[in-house]
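Structure file start_9.cif; described as mmCIF, C-alpha atoms.
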```cif
data_structure
#
loop_
_atom_site.label_atom_id
_atom_site.label_comp_id
_atom_site.auth_asym_id
_atom_site.auth_seq_id
_atom_site.Cartn_x
_atom_site.Cartn_y
_atom_site.Cartn_z
CA MET N 29 99.21 109.45 84.13
CA LYS N 30 98.05 110.99 87.42
CA LEU N 31 95.27 113.48 86.80
CA PRO N 32 94.22 115.66 89.74
CA ILE N 33 90.72 115.16 91.12
CA PRO N 34 89.06 118.08 89.23
CA GLU N 35 90.32 116.60 85.95
CA LEU N 36 89.26 113.10 87.03
CA LYS N 37 85.72 114.43 87.55
CA GLU N 38 85.70 115.90 84.05
CA LYS N 39 87.06 112.66 82.61
CA ALA N 40 84.33 110.70 84.41
CA LYS N 41 81.70 112.91 82.79
CA ILE N 42 83.21 112.21 79.38
CA LEU N 43 83.16 108.45 79.98
CA ARG N 44 79.50 108.61 80.98
CA CYS N 45 78.69 110.57 77.82
CA HIS N 46 80.50 107.99 75.69
CA ILE N 47 78.62 105.13 77.37
CA ILE N 48 75.22 106.66 76.63
CA GLU N 49 76.07 107.51 73.04
CA MET N 50 77.59 104.09 72.35
CA LEU N 51 74.61 102.20 73.75
CA ALA N 52 72.07 104.35 71.92
CA GLU N 53 73.88 103.71 68.64
CA ALA N 54 74.19 99.97 69.31
CA GLY N 55 70.59 99.59 70.46
CA SER N 56 71.64 97.05 73.08
CA GLY N 57 73.94 96.74 76.08
CA HIS N 58 74.17 97.40 79.79
CA PRO N 59 74.00 101.01 80.99
CA GLY N 60 73.28 100.62 84.73
CA GLY N 61 76.37 98.71 85.82
CA SER N 62 78.60 100.62 83.39
CA LEU N 63 77.57 103.99 84.84
CA SER N 64 77.88 102.83 88.47
CA ALA N 65 81.59 102.03 88.16
CA VAL N 66 82.74 105.11 86.21
CA GLU N 67 84.68 106.75 89.06
CA ILE N 68 86.46 103.49 89.90
CA ILE N 69 87.67 102.93 86.35
CA THR N 70 88.53 106.61 85.89
CA ALA N 71 90.69 106.58 89.02
CA LEU N 72 92.47 103.42 87.88
CA TYR N 73 93.21 104.38 84.27
CA PHE N 74 93.83 108.09 84.75
CA HIS N 75 95.55 108.12 88.14
CA SER N 76 96.60 104.91 89.87
CA MET N 77 97.46 102.23 87.31
CA ARG N 78 100.84 101.87 85.65
CA HIS N 79 100.23 101.30 81.95
CA ARG N 80 101.38 102.40 78.49
CA PRO N 81 98.66 102.75 75.84
CA GLU N 82 101.33 103.00 73.16
CA ASN N 83 102.66 99.60 74.25
CA PRO N 84 99.74 97.45 75.52
CA SER N 85 101.98 94.40 76.01
CA TRP N 86 104.57 96.18 78.19
CA PRO N 87 105.62 93.38 80.60
CA ASP N 88 105.65 95.56 83.72
CA ARG N 89 102.21 97.12 83.21
CA ASP N 90 99.55 96.80 85.87
CA ARG N 91 96.71 94.52 84.76
CA PHE N 92 92.99 95.24 84.94
CA VAL N 93 90.35 92.52 84.68
CA LEU N 94 86.71 93.47 84.20
CA SER N 95 85.08 90.44 85.78
CA LYS N 96 81.57 91.90 85.27
CA GLY N 97 82.18 91.84 81.54
CA HIS N 98 78.77 93.26 80.59
CA ALA N 99 80.13 96.66 81.71
CA ALA N 100 82.36 96.59 78.62
CA PRO N 101 81.16 100.02 77.35
CA LEU N 102 82.84 101.62 80.37
CA LEU N 103 86.10 99.77 79.81
CA TYR N 104 86.10 100.64 76.09
CA ALA N 105 85.47 104.31 76.85
CA ALA N 106 88.42 104.39 79.27
CA LEU N 107 90.72 102.56 76.85
CA ALA N 108 89.84 104.96 74.02
CA GLU N 109 90.27 108.06 76.17
CA THR N 110 93.70 106.86 77.33
CA GLY N 111 94.80 106.22 73.75
CA TYR N 112 94.62 102.48 73.14
CA PHE N 113 92.47 103.10 70.06
CA PRO N 114 90.66 106.13 68.54
CA VAL N 115 87.60 107.49 70.36
CA SER N 116 85.78 107.51 67.01
CA GLN N 117 85.74 103.69 67.08
CA LEU N 118 83.53 103.62 70.18
CA ILE N 119 80.47 104.14 68.02
CA THR N 120 81.02 100.66 66.51
CA LEU N 121 80.06 98.94 69.78
CA ARG N 122 78.34 95.57 69.18
CA LYS N 123 78.43 95.93 65.40
CA LEU N 124 79.54 93.16 63.05
CA GLU N 125 83.30 93.12 62.46
CA SER N 126 83.88 95.66 65.25
CA HIS N 127 86.57 94.83 67.81
CA LEU N 128 84.27 96.26 70.48
CA GLN N 129 81.88 93.42 71.18
CA GLY N 130 79.27 93.17 73.92
CA HIS N 131 81.81 91.60 76.27
CA PRO N 132 85.59 92.18 76.28
CA ASP N 133 87.72 90.12 73.88
CA MET N 134 91.45 90.17 74.62
CA ARG N 135 92.21 88.77 71.17
CA THR N 136 90.89 91.77 69.28
CA THR N 137 90.77 94.82 71.55
CA PRO N 138 94.00 96.63 72.55
CA GLY N 139 94.29 97.03 76.31
CA VAL N 140 91.85 94.24 77.24
CA GLU N 141 93.69 91.80 79.51
CA ALA N 142 91.05 89.05 79.76
CA SER N 143 88.01 87.89 77.81
CA THR N 144 85.17 88.02 80.31
CA GLY N 145 81.41 87.77 80.35
CA SER N 146 80.71 84.45 82.03
CA LEU N 147 80.20 85.85 85.50
CA GLY N 148 82.45 84.81 88.36
CA GLN N 149 85.58 84.02 86.37
CA GLY N 150 87.44 87.33 86.51
CA LEU N 151 88.70 87.06 90.06
CA SER N 152 90.21 83.65 89.29
CA ILE N 153 91.93 85.13 86.23
CA GLY N 154 93.22 88.08 88.26
CA SER N 155 94.50 85.78 90.98
CA GLY N 156 96.41 83.79 88.38
CA MET N 157 97.95 86.96 86.99
CA ALA N 158 98.97 88.11 90.47
CA LEU N 159 100.58 84.74 91.23
CA ALA N 160 102.37 84.85 87.86
CA ALA N 161 103.85 88.23 88.75
CA ARG N 162 105.34 86.73 91.91
CA LEU N 163 106.70 83.67 90.08
CA ASP N 164 108.21 85.88 87.36
CA GLY N 165 109.74 88.32 89.86
CA ARG N 166 107.77 91.30 88.56
CA ASP N 167 106.23 94.07 90.64
CA TYR N 168 103.07 94.83 88.68
CA ARG N 169 99.71 94.86 90.41
CA VAL N 170 96.47 93.29 89.28
CA TYR N 171 93.17 95.12 89.67
CA VAL N 172 89.84 93.32 89.32
CA LEU N 173 86.33 94.77 89.24
CA ILE N 174 83.58 92.40 90.35
CA GLY N 175 79.85 93.00 90.65
CA ASP N 176 77.61 92.43 93.63
CA GLY N 177 75.13 90.36 91.61
CA GLU N 178 78.12 88.48 90.21
CA SER N 179 79.07 87.61 93.77
CA ASP N 180 76.23 85.07 93.77
CA GLU N 181 78.67 82.89 91.82
CA GLY N 182 80.55 80.27 93.82
CA GLN N 183 83.70 80.79 91.79
CA ILE N 184 84.11 84.27 93.29
CA TRP N 185 84.43 82.68 96.72
CA GLU N 186 86.77 79.92 95.51
CA ALA N 187 89.06 82.61 94.09
CA ALA N 188 88.75 84.64 97.29
CA MET N 189 89.91 81.66 99.31
CA SER N 190 92.85 80.81 97.05
CA ALA N 191 94.06 84.43 96.75
CA ALA N 192 94.20 84.71 100.53
CA HIS N 193 95.92 81.32 100.79
CA TYR N 194 98.70 82.48 98.45
CA LYS N 195 98.92 85.87 100.20
CA LEU N 196 98.50 87.79 96.93
CA ASP N 197 99.11 91.30 98.22
CA ASN N 198 99.55 92.52 94.63
CA LEU N 199 95.86 91.77 93.97
CA ILE N 200 93.41 94.65 94.53
CA THR N 201 89.73 93.96 93.92
CA PHE N 202 86.86 96.43 93.72
CA LEU N 203 83.32 95.33 94.48
CA ASP N 204 80.85 97.55 92.61
CA TYR N 205 78.21 97.47 95.34
CA ASN N 206 75.25 99.11 93.62
CA GLY N 207 72.63 96.89 95.25
CA PHE N 208 70.87 95.51 92.17
CA GLN N 209 71.18 92.76 89.59
CA ILE N 210 69.13 91.78 86.55
CA ASP N 211 66.51 89.93 88.61
CA GLY N 212 66.03 92.62 91.26
CA PRO N 213 67.56 93.92 94.51
CA ASN N 214 70.42 91.81 95.82
CA VAL N 215 68.76 91.45 99.21
CA GLU N 216 65.84 89.68 97.53
CA VAL N 217 67.76 87.58 95.01
CA MET N 218 70.73 86.54 97.17
CA ASN N 219 71.57 88.65 100.20
CA LEU N 220 75.33 89.25 100.42
CA GLU N 221 75.38 90.73 103.89
CA PRO N 222 77.38 90.83 106.04
CA ILE N 223 79.65 91.27 103.01
CA ALA N 224 82.65 92.92 104.71
CA LEU N 225 82.74 90.30 107.46
CA LYS N 226 82.61 87.49 104.92
CA TRP N 227 85.62 88.76 102.98
CA ARG N 228 87.56 89.39 106.18
CA ALA N 229 86.77 85.83 107.26
CA PHE N 230 88.29 84.64 103.97
CA GLY N 231 91.53 86.42 104.91
CA TRP N 232 91.27 89.63 102.91
CA HIS N 233 92.03 93.19 103.94
CA VAL N 234 88.72 95.03 103.45
CA ILE N 235 88.12 98.75 102.90
CA GLU N 236 84.66 100.30 102.61
CA ILE N 237 84.21 103.51 100.61
CA ASN N 238 81.85 105.73 98.62
CA GLY N 239 82.50 104.49 95.09
CA HIS N 240 81.78 107.90 93.54
CA ASP N 241 84.26 109.83 95.70
CA PHE N 242 87.65 110.12 94.01
CA ALA N 243 89.50 111.04 97.19
CA GLN N 244 88.19 107.90 98.91
CA ILE N 245 88.93 105.68 95.90
CA ILE N 246 92.51 106.90 95.57
CA SER N 247 93.12 106.67 99.32
CA ALA N 248 91.81 103.10 99.35
CA ILE N 249 94.11 102.13 96.48
CA GLU N 250 97.11 103.56 98.32
CA GLU N 251 96.12 101.68 101.48
CA ALA N 252 95.79 98.50 99.45
CA LYS N 253 99.24 99.00 97.92
CA ALA N 254 100.72 99.31 101.42
CA THR N 255 99.01 96.15 102.70
CA LYS N 256 101.31 93.11 102.87
CA ASP N 257 100.70 89.35 102.85
CA ARG N 258 97.01 89.46 101.91
CA PRO N 259 94.86 90.69 99.03
CA THR N 260 92.59 93.71 99.41
CA LEU N 261 88.90 94.08 98.67
CA ILE N 262 87.55 97.62 98.28
CA ILE N 263 83.79 97.62 98.79
CA ALA N 264 82.63 100.61 96.76
CA SER N 265 79.06 101.67 97.48
CA THR N 266 77.67 102.98 94.20
CA ILE N 267 74.43 103.99 92.47
CA LYS N 268 73.33 101.93 89.48
CA GLY N 269 72.81 104.21 86.49
CA LYS N 270 74.72 107.01 88.24
CA GLY N 271 74.38 110.40 86.57
CA VAL N 272 71.17 109.71 84.66
CA SER N 273 68.14 110.38 86.85
CA PHE N 274 65.63 108.07 85.14
CA MET N 275 68.13 105.19 85.28
CA GLU N 276 68.94 105.80 88.93
CA GLU N 277 65.18 105.71 89.68
CA ASP N 278 64.64 102.32 88.01
CA PRO N 279 67.97 100.43 88.28
CA VAL N 280 66.58 96.96 87.56
CA LYS N 281 64.98 98.08 84.29
CA TRP N 282 68.20 99.71 83.16
CA HIS N 283 70.46 96.79 83.93
CA GLY N 284 70.50 95.49 80.38
CA ILE N 285 68.57 97.65 77.92
CA ALA N 286 69.89 100.51 75.82
CA PRO N 287 68.23 103.93 75.78
CA SER N 288 66.29 105.03 72.72
CA LYS N 289 67.61 108.07 70.90
CA GLU N 290 65.06 110.24 72.71
CA GLN N 291 66.04 108.81 76.10
CA ALA N 292 69.71 109.11 75.24
CA GLY N 293 69.20 112.76 74.29
CA LYS N 294 67.70 113.45 77.72
CA ALA N 295 70.63 111.66 79.38
CA LEU N 296 73.23 113.53 77.32
CA ILE N 297 71.69 116.88 78.26
CA GLU N 298 71.53 115.90 81.94
CA LEU N 299 75.18 114.82 81.89
CA GLY N 300 76.29 118.00 80.10
CA CYS N 301 77.75 116.20 77.11
CA LYS N 302 77.60 119.02 74.55
CA GLY N 303 81.37 119.25 74.12
CA CYS N 304 82.29 115.57 74.22
CA LEU N 305 80.01 113.77 71.76
CA ILE N 306 81.54 111.09 69.55
CA ARG N 307 79.27 112.02 66.63
CA PRO N 308 77.86 115.51 67.18
CA GLU N 309 76.06 115.39 63.83
CA ASN N 310 73.77 112.66 65.19
CA TRP N 311 72.51 114.99 67.93
CA LYS N 312 71.84 118.18 65.96
CA GLY N 313 69.46 120.49 67.73
CA LEU N 314 69.76 118.70 71.08
CA TRP N 315 70.76 121.89 72.92
CA GLU N 316 68.81 124.35 70.78
#
```

Represent the structure contained in this file as structure tokens.
Amino acid sequence: MKLPIPELKEKAKILRCHIIEMLAEAGSGHPGGSLSAVEIITALYFHSMRHRPENPSWPDRDRFVLSKGHAAPLLYAALAETGYFPVSQLITLRKLESHLQGHPDMRTTPGVEASTGSLGQGLSIGSGMALAARLDGRDYRVYVLIGDGESDEGQIWEAAMSAAHYKLDNLITFLDYNGFQIDGPNVEVMNLEPIALKWRAFGWHVIEINGHDFAQIISAIEEAKATKDRPTLIIASTIKGKGVSFMEEDPVKWHGIAPSKEQAGKALIELGCKGCLIRPENWKGLWE
């Protein structure tokens, strides 16, 4: 599946609409960091990754690991829209007996490659998958999405060192660099700068992009695919809560709380979600 950029933009809007509706229904979850990474995930699942929703265990599929597992609503929206399970199931997010829990569970959700949520572990998992591909003689790639707040974790840097040591050029990692974490701005909690120099010092090929620009995202992925003998980090500068003005204006507040129905209604109107609601009957009169 390789959608052109105009269709990728439309798909990104749909994913944002799903995220808002899911979280409003659940009454809990993480909107800010889900919305910031929408273009990255859209580019991967609808353009760059090799995968088969009809056969989630296809041995030669590319793997995706959501290390910042609290952004699960975004991953679920992408999996549903690509056909791993019905879109109608998204509304069961965080409900008892649903396979869509607050953090990804590879045992119950089709298309989820790793159970994540304990921050810092995803890059280690992805590195192991990339090394396994080499040992098994397979040519799949492994994509990992890490958070900037998550990068406070020492395990991120242990994995960064080992991936470079083993020259895992089939490992492509995105850093969702939105500048905030649950306790406040990164520069106040744990300053990551100079982030690009640090990753280069660890032996990685580093690319810096606008994480909401599809052309830049796709170009960076192609550059990463062409890079040999070292893994690639794509530093994607993003806006936490992207697309919803009141979330963009207060990114720390909207790290981990769900919008009320009234707030969600405002967000859905702002995003232009009239034609892509999961349950239109729940939003009667919203555009009247």

(message) Taking the file as I've supplied it (selection: the PyMOL selection byres ((chain N and resi 44) around 9)), which residues are included? Please answer as a VMD selection string.
(response) chain N and resid 39 to 43 45 to 49 62 to 63 66 102 105 270 to 271 296 299 301

(message) On this structure, the PyMOL selection byres ((chain N and resi 110) around 8) would catch which residues? List them as a PyMOL selection string, sorted by chain and number.
(response) chain N and resi 73-74+81+106-109+111-112

What lies within 8 Å of N:Phe208 using only C-alpha atoms, ignoring chain neighbours under 2 positions off, as a short mmCIF file (atom, residue, chain, number, x, y, z; two decimals) with C-alpha atoms, keeping the file's coordinate frame?
```cif
data_model
loop_
_atom_site.label_atom_id
_atom_site.label_comp_id
_atom_site.auth_asym_id
_atom_site.auth_seq_id
_atom_site.Cartn_x
_atom_site.Cartn_y
_atom_site.Cartn_z
CA ASP N 176 77.61 92.43 93.63
CA GLY N 177 75.13 90.36 91.61
CA ASN N 206 75.25 99.11 93.62
CA ILE N 210 69.13 91.78 86.55
CA ASP N 211 66.51 89.93 88.61
CA GLY N 212 66.03 92.62 91.26
CA PRO N 213 67.56 93.92 94.51
CA ASN N 214 70.42 91.81 95.82
CA LYS N 268 73.33 101.93 89.48
CA PRO N 279 67.97 100.43 88.28
CA VAL N 280 66.58 96.96 87.56
#
```

(message) Once the PyMOL selection byres ((chain N and resi 85) around 12) is applied to the coordinates I shared, what remains selected? I want it as a PyMOL selection string.
(response) chain N and resi 79-84+86-91+112+134+138-141

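Distance-wise, atom CA of N:Ser288 and atom CA of N:Lys312 end up 15.8 Å apart.
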